[in-house]
Amino acid sequence: MTDRNSEEKARLGIVVSGSLTHGVEVRLEPTVSVEDIAVGRYVAIEGAKHRFFGMITDVSLETIDPSVMITPPDVSDPFIAHVITGTATYGKLKVLPMLTIGGDAATILEGPQPAKTVPAHFSHVNLASQRDVEIVFGAEDEKRFYVGTPLDMETKVCLDISEFVKRSNGVFGKSGTGKTFLTRLLLVGMLQKNAAVSLVFDMHSEYGWEGKTEKGYKVKGLKQLFPSKVAIFTLDEESSKRRKVSTDVVVRIGYDEIEPEDIELLKQTLNLTEASTQTVYQLAREFGDRKWLETVLNLTEEDGKQLITRLNIHDSTYRNLRRGLENLRRFSFLVPLARENSVKRILEYLDRGINVILEFGRFDDFSAYILVANLLSRRIHARYRENSEREMGGEVAPARPLVITIEEAHRFLNPEFSSQTIFGRIAREMRKYNVTLLVIDQRPSGIDNEIMSQLGTKITCLLDDERDLDSVLTGTSGKSELKSVLSKLETKQQALIFGHAVPMPVVIKTREYGTAESYKELGFLEASELKRKTEKDLEDLWA
Amino acid sequence: MKQIKGQKSKIENALGKKIGEVIESRSAEFIGQCYKLDEAPPLGCLIKTQDKSGVTYGVVFDVETHSLEPGRRVVARGENLESEEEVFAANPQLSRLLATDFKVLVVGYTEGKDCHHYLPPRSASIHSFVYICQLEEVRIFTGSTDFLSLIINARIDVPVDEVVAACLRYASEAHVDRDAFLVGAGKELARMLSGDANRLNSLLKRIK
């Protein structure tokens with residue numbers, strides 16, 4: 001009886017019109033109030049042959065007679081209001097059918113399939129049950145990671161992490177909408193499911209060790225949760241010490257590792273003119289790729305004058321370049337000669353399956369971030385490419401998939417630079433070499449369209465700028481419908497996920513992160529438990 | 001208020017009673033004549049008439065008391081009398097010269113055990129007796145409001161909406177949950193009058 005009641009409660013209405021591209025229209029049952037309906041919720045439509053799974057994308061108020069709007073009935077009388085509701089006036093939903101679940105052989109054998117038709121007229125529409133959502137988003141297993149729950153439901157929405165890491169992905173959202181929390185979760189997911197190893201360029205030093213919520217309480221970073229699987233590299237040892245972070249490696253970069261391309265990327269931040277960036281190439285030819293920067297920085301004024309006459313460089317261009325390059329001196333991680341090769345160290349860790357988080361400490365401005373991220377990634381990319389070619393030759397085993405996380409991605413991937421930075425190339429083609437990106441950004445419209453269209457899975461928190469919305473939804477079916485869902489997200493803990501790793505777009509309430517219980521669910525063991533576990537493991541080993 | 005109560009008890013007394021017989025019959029309506037002058041069923045009342053083929057249900061939509069002789073009009077007689085009863089006492093022929101007729105819209109019939117809310121294949125038999133339905137019968141027949149379309153679409157001299165409203169008010173008394181019945185019927189009317197919001201509005205105000 002309770003079941004029947006809940007079933008009746010879940011009945012929303014019947015399909016009255018619509019199309020596959022624009023979604024079907026559903027006339028609401030008089031008993032259901034439009035105010036109880038929220039866009040982004042899931043419904044199941046019982047077609048004659050298929051069962052459809054869809055998402056509510058719009059809610060509207062309708063009248064059967066326009067004169068009702070001109071001379072509204074006397075709704076102060078509860079009787080009249082009751083009679084009018086659902087008859088002369090009614091609510092209408094727009095539902096985008098996305099999948100068929102059950103019904104034919106393919107869906108039974110292979111799970112939900114994309115909907116290729118619409119349900120017949122007057123098919124019944126119900127709120128999706130927990131079971132429906134489970135069929136669609138799967139339960140948590142060794143491949144799927146639980147990221148959150150659908151709105152108003154307790155079921156888990158799981159992300160297929162093994163699919164997720166196969167392509168570059170993006171996390172978007174306005175500032176303060178929870179991008180960092182989401183990213184932390186995704187990183188944990190990749191780590192937990194062992195699907196890929198991560199390299200995080202952590203501009204604001206918030207992923208590795210403790211971070212703070214907006215309310216001011218602290219949340220654990222990845223290193224605290226999984227000490228044996230995460231290594232923290234730092235560019236700013238002092239900042240890390242002050243924050244009592246246990247760092248593994250202090251990164252130093254030699255002048256010899258900086259190439260003219262790196263300087264070209266810094267054109268804007270170092271305030272260089274077009275001519276001076278071209279001069280860099282000239283200087284590199286003159287002094288050699290590895291020596292040029294050190295030589296130029298150490299030139300005396302006299303030597304400089306001679307140089308520009310010899311190379312026919314304009315005086316103002318040279319001055320502009322010198323001024324720009326002098327700026328690099330304030331980065332204390334840049335040294336004339338690095339004692340150890342940072343790239344090598346990072347690769348060593350990654351090869352061992354240890355995730356690397358590179359903290360920038362006080363160097364959290366764009367020039368340091370762009371310089372270091374690009375420089376390191378370029379070398380790592382070269383290594384992976386080489387490895388992959390050898391693998392084709394049958395020499396080595398395939399490399400563990402690598403996911404490089406970058407923040408403020410529009411600085412690297414804007415149309416002007418995306419062709420020059422290594423990240424542009426990774427986003428376009430590196431899937432084949434087992435390297436993908438996790439792009440985090442608050443201004444997706446700044447990112448090159450070509451790259452946006454290549455992102456496999458996009459996870460977006462609230463965005464309200466029209467251009468950002470358009471950019472995120474490029475190439476997605478049901479764009480205008482999703483747009484209305486996306487711009488209505490709450491500012492906290494809500495995100496729309498769509499793309500490769502989920503069978504259909506889904507709005508989730510992000511999984512809890514930051515409480516002791518949430519850490520436990522993510523696989524974190526307190527020190528005492530860890531000790532007990534180690535002892536038990538030892539016993540098992542010698543038993 | 002008192003008057004309504006008095007009227008109600010009068011109806012309750014009349015429930016199930018034989019009140020007259022069919023004197024004119026058509027497919028969609030018939031005219032019944034009361035056995036007693038001025039004791040017609042109220043407007044909107046559900047009545048029935050039975051013959052060999054089954055029961056025919058109808059809703060009273062018009063009541064008329066008139067002289068039996070077409071050329072002879074009724075004249076006022078009570079100028080020097082104290083009460084209306086004395087008029088009849090002084091003129092005992094009156095009750096034989098006058099008659100009360102009621103016009104009925106046919107709204108359904110039964111065939112065996114099935115109850116249909118549409119016109120019967122045959123019109124009511126002439127001289128068949130007319131009864132006021134029992135409350136239980138009213139409740140069962142008005143369990144479905146399909147019959148409303150027969151009234152709404154009838155072409156009669158009396159304002160149709162008045163008949164609908166009277167009928168629903170009358171029938172609602174037979175239902176345990178009066179409000180639920182009226183809301184259900186109201187919704188049915190809202191569907192039927194979907195193109196005429198003003199008419200619906202005024203009708204709803206009459207039935208609550």
# chains A, B, ... in the order shown; residues from 1 in each chain; ligands from 1
>>> residues_around(residues="Asp51 in chain B", least_positions_apart="4", cutoff="10 Å", atoms="only C-alpha atoms", output="PDB file with all heavy atoms, in the first residue's frame")
ATOM      1  N   VAL B  55     -35.024   1.541 -16.041  1.00  0.00           N
ATOM      2  CA  VAL B  55     -35.246   2.815 -15.359  1.00  0.00           C
ATOM      3  C   VAL B  55     -34.654   3.945 -16.198  1.00  0.00           C
ATOM      4  O   VAL B  55     -33.553   3.828 -16.713  1.00  0.00           O
ATOM      5  CB  VAL B  55     -34.569   2.801 -13.971  1.00  0.00           C
ATOM      6  CG1 VAL B  55     -34.780   4.127 -13.264  1.00  0.00           C
ATOM      7  CG2 VAL B  55     -35.089   1.654 -13.135  1.00  0.00           C
ATOM      8  N   THR B  56     -35.413   5.021 -16.347  1.00  0.00           N
ATOM      9  CA  THR B  56     -34.875   6.213 -17.007  1.00  0.00           C
ATOM     10  C   THR B  56     -34.720   7.294 -15.946  1.00  0.00           C
ATOM     11  O   THR B  56     -35.642   7.525 -15.155  1.00  0.00           O
ATOM     12  CB  THR B  56     -35.844   6.712 -18.093  1.00  0.00           C
ATOM     13  OG1 THR B  56     -36.074   5.647 -19.008  1.00  0.00           O
ATOM     14  CG2 THR B  56     -35.268   7.912 -18.829  1.00  0.00           C
ATOM     15  N   ALA B 124     -39.170   7.615 -22.425  1.00  0.00           N
ATOM     16  CA  ALA B 124     -39.950   7.111 -21.283  1.00  0.00           C
ATOM     17  C   ALA B 124     -41.385   6.821 -21.724  1.00  0.00           C
ATOM     18  O   ALA B 124     -41.960   7.560 -22.529  1.00  0.00           O
ATOM     19  CB  ALA B 124     -39.941   8.157 -20.186  1.00  0.00           C
ATOM     20  N   SER B 125     -41.938   5.734 -21.197  1.00  0.00           N
ATOM     21  CA  SER B 125     -43.309   5.368 -21.591  1.00  0.00           C
ATOM     22  C   SER B 125     -44.306   6.364 -21.021  1.00  0.00           C
ATOM     23  O   SER B 125     -44.150   6.842 -19.898  1.00  0.00           O
ATOM     24  CB  SER B 125     -43.665   3.978 -21.060  1.00  0.00           C
ATOM     25  OG  SER B 125     -42.697   3.072 -21.456  1.00  0.00           O
ATOM     26  N   ILE B 126     -45.293   6.631 -21.825  1.00  0.00           N
ATOM     27  CA  ILE B 126     -46.337   7.560 -21.380  1.00  0.00           C
ATOM     28  C   ILE B 126     -47.119   6.907 -20.230  1.00  0.00           C
ATOM     29  O   ILE B 126     -47.271   5.688 -20.200  1.00  0.00           O
ATOM     30  CB  ILE B 126     -47.231   7.942 -22.590  1.00  0.00           C
ATOM     31  CG1 ILE B 126     -47.906   9.280 -22.357  1.00  0.00           C
ATOM     32  CG2 ILE B 126     -48.234   6.879 -22.936  1.00  0.00           C
ATOM     33  CD1 ILE B 126     -47.055  10.437 -22.735  1.00  0.00           C
ATOM     34  N   HIS B 127     -47.489   7.723 -19.270  1.00  0.00           N
ATOM     35  CA  HIS B 127     -48.212   7.269 -18.076  1.00  0.00           C
ATOM     36  C   HIS B 127     -47.378   6.416 -17.134  1.00  0.00           C
ATOM     37  O   HIS B 127     -47.906   5.851 -16.190  1.00  0.00           O
ATOM     38  CB  HIS B 127     -49.509   6.525 -18.446  1.00  0.00           C
ATOM     39  CG  HIS B 127     -50.588   7.462 -18.884  1.00  0.00           C
ATOM     40  ND1 HIS B 127     -51.063   8.484 -18.081  1.00  0.00           N
ATOM     41  CD2 HIS B 127     -51.269   7.561 -20.057  1.00  0.00           C
ATOM     42  CE1 HIS B 127     -51.964   9.166 -18.728  1.00  0.00           C
ATOM     43  NE2 HIS B 127     -52.115   8.642 -19.954  1.00  0.00           N
ATOM     44  N   SER B 128     -46.077   6.304 -17.415  1.00  0.00           N
ATOM     45  CA  SER B 128     -45.274   5.577 -16.416  1.00  0.00           C
ATOM     46  C   SER B 128     -45.105   6.498 -15.206  1.00  0.00           C
ATOM     47  O   SER B 128     -45.099   7.721 -15.325  1.00  0.00           O
ATOM     48  CB  SER B 128     -43.928   5.148 -17.001  1.00  0.00           C
ATOM     49  OG  SER B 128     -43.233   6.260 -17.493  1.00  0.00           O
ATOM     50  N   PHE B 129     -44.991   5.887 -14.053  1.00  0.00           N
ATOM     51  CA  PHE B 129     -44.960   6.667 -12.816  1.00  0.00           C
ATOM     52  C   PHE B 129     -43.599   7.309 -12.624  1.00  0.00           C
ATOM     53  O   PHE B 129     -42.574   6.749 -12.994  1.00  0.00           O
ATOM     54  CB  PHE B 129     -45.281   5.780 -11.611  1.00  0.00           C
ATOM     55  CG  PHE B 129     -46.656   5.173 -11.682  1.00  0.00           C
ATOM     56  CD1 PHE B 129     -46.932   3.937 -11.109  1.00  0.00           C
ATOM     57  CD2 PHE B 129     -47.693   5.867 -12.328  1.00  0.00           C
ATOM     58  CE1 PHE B 129     -48.192   3.395 -11.175  1.00  0.00           C
ATOM     59  CE2 PHE B 129     -48.963   5.309 -12.402  1.00  0.00           C
ATOM     60  CZ  PHE B 129     -49.213   4.069 -11.828  1.00  0.00           C
TER      61      PHE B 129
END
>>> interface_residues(of="chain A", to="chain B", cutoff="7 Å", atoms="only C-alpha atoms", output="JSON, numbers by chain")
{"A": [64, 65, 67, 68, 73, 79, 80, 82, 83, 84, 87, 88]}
>>> atom_distance(atom1="CA of Tyr42 in chain A", atom2="CA of Glu521 in chain A")
26.3 Å
>>> residues_around(residues="Glu136 in chain B", least_positions_apart="6", cutoff="12 Å", atoms="only C-alpha atoms", output="JSON, numbers by chain")
{"B": [15, 16, 46, 142, 143, 171, 172, 173, 174, 175, 176]}
>>> write_last_selection(atoms="N, CA and C atoms", output="mmCIF file, in the first residue's frame")
data_model
loop_
_atom_site.group_PDB
_atom_site.id
_atom_site.type_symbol
_atom_site.label_atom_id
_atom_site.label_comp_id
_atom_site.auth_asym_id
_atom_site.auth_seq_id
_atom_site.Cartn_x
_atom_site.Cartn_y
_atom_site.Cartn_z
ATOM 1 N N LEU B 15 -38.666 11.606 -0.652
ATOM 2 C CA LEU B 15 -37.717 10.710 -1.285
ATOM 3 C C LEU B 15 -38.318 9.332 -1.522
ATOM 4 N N GLY B 16 -38.171 8.860 -2.723
ATOM 5 C CA GLY B 16 -38.659 7.525 -3.055
ATOM 6 C C GLY B 16 -40.154 7.484 -3.324
ATOM 7 N N LEU B 46 -33.153 14.838 -8.982
ATOM 8 C CA LEU B 46 -33.010 13.638 -9.808
ATOM 9 C C LEU B 46 -34.237 12.761 -9.614
ATOM 10 N N THR B 142 -24.859 9.813 -9.501
ATOM 11 C CA THR B 142 -23.974 10.976 -9.692
ATOM 12 C C THR B 142 -22.522 10.645 -9.326
ATOM 13 N N GLY B 143 -22.252 9.373 -9.093
ATOM 14 C CA GLY B 143 -20.865 8.956 -8.879
ATOM 15 C C GLY B 143 -20.011 9.287 -10.082
ATOM 16 N N ALA B 171 -27.517 17.087 -5.722
ATOM 17 C CA ALA B 171 -26.835 15.799 -5.663
ATOM 18 C C ALA B 171 -25.764 15.782 -4.581
ATOM 19 N N SER B 172 -25.151 16.952 -4.324
ATOM 20 C CA SER B 172 -24.051 16.981 -3.360
ATOM 21 C C SER B 172 -24.507 16.548 -1.979
ATOM 22 N N GLU B 173 -25.810 16.778 -1.678
ATOM 23 C CA GLU B 173 -26.330 16.405 -0.363
ATOM 24 C C GLU B 173 -26.308 14.893 -0.160
ATOM 25 N N ALA B 174 -26.293 14.159 -1.261
ATOM 26 C CA ALA B 174 -26.324 12.703 -1.152
ATOM 27 C C ALA B 174 -24.936 12.130 -0.903
ATOM 28 N N HIS B 175 -23.918 12.948 -1.096
ATOM 29 C CA HIS B 175 -22.550 12.430 -0.974
ATOM 30 C C HIS B 175 -21.984 12.685 0.412
ATOM 31 N N VAL B 176 -21.232 11.714 0.884
ATOM 32 C CA VAL B 176 -20.666 11.842 2.227
ATOM 33 C C VAL B 176 -19.669 13.000 2.238
#
>>> atom_distance(atom1="CA of Val343 in chain A", atom2="CA of Phe360 in chain A")
15.6 Å
>>> residues_around(residues="Val165 in chain A", least_positions_apart="6", cutoff="9 Å", atoms="only C-alpha atoms", output="number ranges by chain")
A: 190, 195-196, 401-403, 431, 434-438, 456, 501
>>> select_by_dssp(residues="range 308-536 of chain A", states="strand (DSSP E or B)", output="PyMOL selection string")
chain A and resi 334-335+355-359+402-406+435-441+457-460+494-499+506-510
>>> write_last_selection(atoms="N, CA and C atoms", output="mmCIF file, in the first residue's frame")
data_model
loop_
_atom_site.group_PDB
_atom_site.id
_atom_site.type_symbol
_atom_site.label_atom_id
_atom_site.label_comp_id
_atom_site.auth_asym_id
_atom_site.auth_seq_id
_atom_site.Cartn_x
_atom_site.Cartn_y
_atom_site.Cartn_z
ATOM 1 N N LEU A 334 64.274 29.988 -9.508
ATOM 2 C CA LEU A 334 65.110 29.967 -10.715
ATOM 3 C C LEU A 334 66.553 30.178 -10.283
ATOM 4 N N VAL A 335 67.407 29.223 -10.595
ATOM 5 C CA VAL A 335 68.809 29.353 -10.201
ATOM 6 C C VAL A 335 69.665 29.185 -11.455
ATOM 7 N N ASN A 355 51.245 10.384 -6.775
ATOM 8 C CA ASN A 355 50.712 11.633 -7.328
ATOM 9 C C ASN A 355 51.560 12.808 -6.858
ATOM 10 N N VAL A 356 51.809 13.730 -7.757
ATOM 11 C CA VAL A 356 52.675 14.853 -7.412
ATOM 12 C C VAL A 356 51.860 16.136 -7.386
ATOM 13 N N ILE A 357 51.992 16.842 -6.271
ATOM 14 C CA ILE A 357 51.326 18.147 -6.184
ATOM 15 C C ILE A 357 52.411 19.197 -6.044
ATOM 16 N N LEU A 358 52.434 20.113 -6.967
ATOM 17 C CA LEU A 358 53.471 21.137 -6.943
ATOM 18 C C LEU A 358 52.884 22.423 -6.381
ATOM 19 N N GLU A 359 53.384 22.802 -5.199
ATOM 20 C CA GLU A 359 52.883 24.020 -4.553
ATOM 21 C C GLU A 359 53.693 25.212 -5.010
ATOM 22 N N LEU A 402 48.461 9.713 -17.200
ATOM 23 C CA LEU A 402 48.801 10.882 -16.387
ATOM 24 C C LEU A 402 47.748 11.963 -16.602
ATOM 25 N N VAL A 403 47.304 12.548 -15.508
ATOM 26 C CA VAL A 403 46.371 13.670 -15.608
ATOM 27 C C VAL A 403 47.058 14.891 -15.032
ATOM 28 N N ILE A 404 47.194 15.908 -15.864
ATOM 29 C CA ILE A 404 47.832 17.142 -15.385
ATOM 30 C C ILE A 404 46.736 18.146 -15.049
ATOM 31 N N THR A 405 46.733 18.604 -13.802
ATOM 32 C CA THR A 405 45.704 19.542 -13.378
ATOM 33 C C THR A 405 46.261 20.959 -13.445
ATOM 34 N N ILE A 406 45.581 21.813 -14.192
ATOM 35 C CA ILE A 406 46.017 23.211 -14.229
ATOM 36 C C ILE A 406 44.865 24.129 -13.872
ATOM 37 N N VAL A 435 48.349 11.035 -21.752
ATOM 38 C CA VAL A 435 48.402 12.231 -20.909
ATOM 39 C C VAL A 435 47.145 13.051 -21.188
ATOM 40 N N THR A 436 46.437 13.401 -20.142
ATOM 41 C CA THR A 436 45.255 14.255 -20.333
ATOM 42 C C THR A 436 45.300 15.402 -19.332
ATOM 43 N N LEU A 437 44.430 16.367 -19.553
ATOM 44 C CA LEU A 437 44.406 17.541 -18.674
ATOM 45 C C LEU A 437 43.155 17.551 -17.821
ATOM 46 N N LEU A 438 43.287 18.114 -16.642
ATOM 47 C CA LEU A 438 42.097 18.477 -15.887
ATOM 48 C C LEU A 438 42.175 19.991 -15.767
ATOM 49 N N VAL A 439 41.308 20.640 -16.518
ATOM 50 C CA VAL A 439 41.366 22.092 -16.647
ATOM 51 C C VAL A 439 40.429 22.714 -15.623
ATOM 52 N N ILE A 440 40.938 23.624 -14.820
ATOM 53 C CA ILE A 440 40.066 24.279 -13.843
ATOM 54 C C ILE A 440 40.025 25.758 -14.184
ATOM 55 N N ASP A 441 38.825 26.280 -14.345
ATOM 56 C CA ASP A 441 38.776 27.664 -14.776
ATOM 57 C C ASP A 441 37.471 28.325 -14.396
ATOM 58 N N THR A 457 34.745 15.282 -20.433
ATOM 59 C CA THR A 457 33.712 15.468 -19.421
ATOM 60 C C THR A 457 33.854 16.871 -18.860
ATOM 61 N N LYS A 458 32.713 17.568 -18.773
ATOM 62 C CA LYS A 458 32.772 18.901 -18.190
ATOM 63 C C LYS A 458 31.943 18.902 -16.917
ATOM 64 N N ILE A 459 32.522 19.459 -15.892
ATOM 65 C CA ILE A 459 31.802 19.573 -14.630
ATOM 66 C C ILE A 459 31.710 21.046 -14.328
ATOM 67 N N THR A 460 30.502 21.574 -14.312
ATOM 68 C CA THR A 460 30.433 23.010 -14.100
ATOM 69 C C THR A 460 29.546 23.359 -12.934
ATOM 70 N N GLN A 494 26.676 22.552 -5.795
ATOM 71 C CA GLN A 494 25.889 21.986 -6.880
ATOM 72 C C GLN A 494 26.675 22.084 -8.175
ATOM 73 N N ALA A 495 26.580 21.057 -8.982
ATOM 74 C CA ALA A 495 27.315 21.085 -10.246
ATOM 75 C C ALA A 495 26.572 20.281 -11.297
ATOM 76 N N LEU A 496 26.776 20.682 -12.536
ATOM 77 C CA LEU A 496 26.216 19.936 -13.659
ATOM 78 C C LEU A 496 27.365 19.160 -14.299
ATOM 79 N N ILE A 497 27.179 17.859 -14.431
ATOM 80 C CA ILE A 497 28.223 17.050 -15.067
ATOM 81 C C ILE A 497 27.681 16.545 -16.389
ATOM 82 N N PHE A 498 28.432 16.689 -17.436
ATOM 83 C CA PHE A 498 28.002 16.086 -18.691
ATOM 84 C C PHE A 498 29.215 15.715 -19.518
ATOM 85 N N GLY A 499 29.017 14.771 -20.380
ATOM 86 C CA GLY A 499 30.109 14.344 -21.246
ATOM 87 C C GLY A 499 30.387 12.862 -21.140
ATOM 88 N N VAL A 506 23.955 15.478 -15.700
ATOM 89 C CA VAL A 506 23.367 15.277 -14.377
ATOM 90 C C VAL A 506 23.736 16.437 -13.462
ATOM 91 N N VAL A 507 22.722 16.914 -12.736
ATOM 92 C CA VAL A 507 22.983 17.950 -11.740
ATOM 93 C C VAL A 507 23.160 17.249 -10.403
ATOM 94 N N ILE A 508 24.265 17.522 -9.759
ATOM 95 C CA ILE A 508 24.484 16.840 -8.484
ATOM 96 C C ILE A 508 24.670 17.821 -7.346
ATOM 97 N N LYS A 509 24.373 17.288 -6.181
ATOM 98 C CA LYS A 509 24.764 17.971 -4.951
ATOM 99 C C LYS A 509 26.067 17.286 -4.594
ATOM 100 N N THR A 510 27.138 18.038 -4.607
ATOM 101 C CA THR A 510 28.458 17.432 -4.458
ATOM 102 C C THR A 510 28.590 16.693 -3.135
#
>>> residues_around(residues="range 95-108 of chain B", least_positions_apart="2", cutoff="7 Å", atoms="only C-alpha atoms", output="tab-separated table (two decimals) with C-alpha atoms, in the first residue's frame")
chain	number	residue	atom	x	y	z
B	28	ALA	CA	-34.19	13.84	-24.55
B	29	GLU	CA	-36.89	15.06	-22.20
B	30	PHE	CA	-40.31	14.30	-20.85
B	31	ILE	CA	-43.05	16.12	-19.01
B	32	GLY	CA	-44.50	14.73	-15.84
B	33	GLN	CA	-47.66	15.82	-14.12
B	34	CYS	CA	-47.92	15.94	-10.35
B	37	LEU	CA	-51.17	20.66	-7.15
B	38	ASP	CA	-47.98	22.56	-6.31
B	40	ALA	CA	-43.58	19.35	-7.87
B	56	THR	CA	-34.88	6.21	-17.01
B	57	TYR	CA	-33.26	8.97	-14.93
B	58	GLY	CA	-33.92	12.64	-15.39
B	59	VAL	CA	-33.23	16.04	-13.91
B	60	VAL	CA	-36.09	18.45	-13.32
B	61	PHE	CA	-35.48	21.66	-15.20
B	62	ASP	CA	-38.79	23.46	-15.32
B	63	VAL	CA	-41.97	23.43	-13.26
B	64	GLU	CA	-45.23	24.98	-14.41
B	65	THR	CA	-48.67	25.17	-12.83
B	66	HIS	CA	-51.39	26.00	-15.35
B	67	SER	CA	-55.05	25.74	-16.14
B	68	LEU	CA	-56.14	22.46	-17.67
B	92	PRO	CA	-62.97	23.18	-4.33
B	93	GLN	CA	-63.10	22.85	-8.13
B	116	HIS	CA	-25.46	4.61	-18.45
B	117	HIS	CA	-25.06	8.35	-18.45
B	118	TYR	CA	-26.39	8.98	-21.89
B	119	LEU	CA	-29.78	8.94	-23.63
B	120	PRO	CA	-31.73	5.67	-23.56
B	147	PHE	CA	-24.33	13.23	-17.35
B	150	LEU	CA	-26.30	16.28	-21.44
>>> atom_distance(atom1="CA of Gly91 in chain A", atom2="CA of Thr117 in chain A")
24.0 Å
>>> residues_around(residues="Lys483 in chain A", least_positions_apart="2", cutoff="8 Å", atoms="only C-alpha atoms", output="ChimeraX atom specification")
/A:469-470,473,479-481,485-487
>>> select_by_dssp(residues="range 147-239 of chain A", states="helix (DSSP H, G or I)", output="ChimeraX atom specification")
/A:161-164,179-192,222-225,237-239
>>> closest_residue(among="B:Glu85, B:Gly54, B:Glu24, B:Val160", to="Asp114 in chain B", atoms="only C-alpha atoms")
B:Gly54
>>> closest_residue(among="A:Lys143, A:Lys531, A:Arg290, A:Lys220", to="Val245 in chain A", atoms="only C-alpha atoms")
A:Lys220
